[in-house]
Amino acid sequence: MPDLTGFPAASSLTTPRLLLRPLRGDDLDAFAAVNAQPEVMRYIHDGRTLDRAATAERLATYQRHWDEHGFGLYRVEVRETGELAGFTGLATPTFLPEIMPAVEIGWRLGRAYWGRGLATEAAQAVVAHTRAALALRRLVSIHVVGNEASARVMVKLGMSLERETVQPDTGRRVRVYAMDL
């Protein structure tokens with residue numbers, strides 16, 4: 001894993017429709033509502049929804065990731081309404097040891113925000129920031145087999161299928177996409 005602590009973390013990124021900023025504690029209730037949606041969580045980890053307490057633990061982990069690595073996950077906010085649509089950003093995919101060291105770009109949007117191109121728009125902003133400000137040469141993205149919507153976003157970002165494998169802690173088949181920066 002490259003040391004990016006000397007590189008600037010973006011406090012926020014904007015797109016025509018979105019504001020992206022690091023997730024923080026006051027996002028808990030809105031983010032917990034996203035994580036409580038079975039449709040949203042179907043392809044995340046083992047497919048189970050997360051309650052408020054589990055979401056709070058995740059938010060704390062995401063905040064530590066920013067502190068430790070200088071990059072992380074952003075709140076995806078709809079500029080017109082101020083609503084949290086979900087998240088996008090960078091993480092270290094330690095759940096898949098065979099591809100480490102790596103940095104993963106990912107996203108999760110609430111069901112009401114699907115089908116509008118928001119995941120692609122948000123992820124493209126993160127890729128552009130990564131190219132401009134971070135010393136990374138490669139990104140991966142991982143999805144559970146069957147999650148074709150995420151696969152389409154990966155292709156729109158310019159990623160290519162690298163491998164199919166099994167996530168050790170869940171036994172679920174996953175596909176790893178990658179791109180050089």
# chains A, B, ... in the order shown; residues from 1 in each chain; ligands from 1

call {"tool": "select_by_dssp", "arguments": {"residues": "chain A", "states": "alpha helix (DSSP H)", "output": "number ranges by chain"}}
result
A: 28-35, 38-41, 52-69, 118-133, 148-156

call {"tool": "closest_residue", "arguments": {"among": "A:Glu98, A:Gly86, A:Val127, A:Thr81", "to": "Arg163 of chain A", "atoms": "only C-alpha atoms"}}
result
A:Glu98

call {"tool": "residues_around", "arguments": {"residues": "segment 34-36 of chain A", "least_positions_apart": "3", "cutoff": "8 Å", "atoms": "only C-alpha atoms", "output": "list of chain:residue names"}}
result
A:Ala30, A:Phe31, A:Val40, A:Met41, A:Thr49, A:Leu50, A:Asp51, A:Thr55, A:Gly86, A:Leu109, A:Gly110, A:Arg111

call {"tool": "closest_residue", "arguments": {"among": "A:Val153, A:Leu23, A:Ala32, A:Met179", "to": "Gly89 of chain A", "atoms": "only C-alpha atoms"}}
result
A:Leu23

call {"tool": "closest_residue", "arguments": {"among": "A:Glu104, A:Asp67, A:Glu80, A:Glu162", "to": "Pro16 of chain A", "atoms": "only C-alpha atoms"}}
result
A:Glu80

call {"tool": "residues_around", "arguments": {"residues": "Arg131 of chain A", "least_positions_apart": "6", "cutoff": "10 Å", "atoms": "only C-alpha atoms", "output": "list in words"}}
result
Ala125, Arg137, Arg138, Asp180 and Leu181 of chain A

call {"tool": "atom_distance", "arguments": {"atom1": "atom CA of Arg52 of chain A", "atom2": "atom CA of Thr170 of chain A"}}
result
22.0 Å

call {"tool": "select_by_dssp", "arguments": {"residues": "segment 25-177 of chain A", "states": "strand (DSSP E or B)", "output": "number ranges by chain"}}
result
A: 73-78, 84-91, 104-109, 138-144, 160-166, 173-177

call {"tool": "closest_residue", "arguments": {"among": "A:Tyr113, A:Tyr74, A:Phe95, A:Tyr177", "to": "Lys156 of chain A", "atoms": "only C-alpha atoms"}}
result
A:Tyr177

call {"tool": "residues_around", "arguments": {"residues": "Leu18 of chain A", "least_positions_apart": "4", "cutoff": "12 Å", "atoms": "only C-alpha atoms", "output": "ChimeraX atom specification"}}
result
/A:12-14,74-88,113,116-126
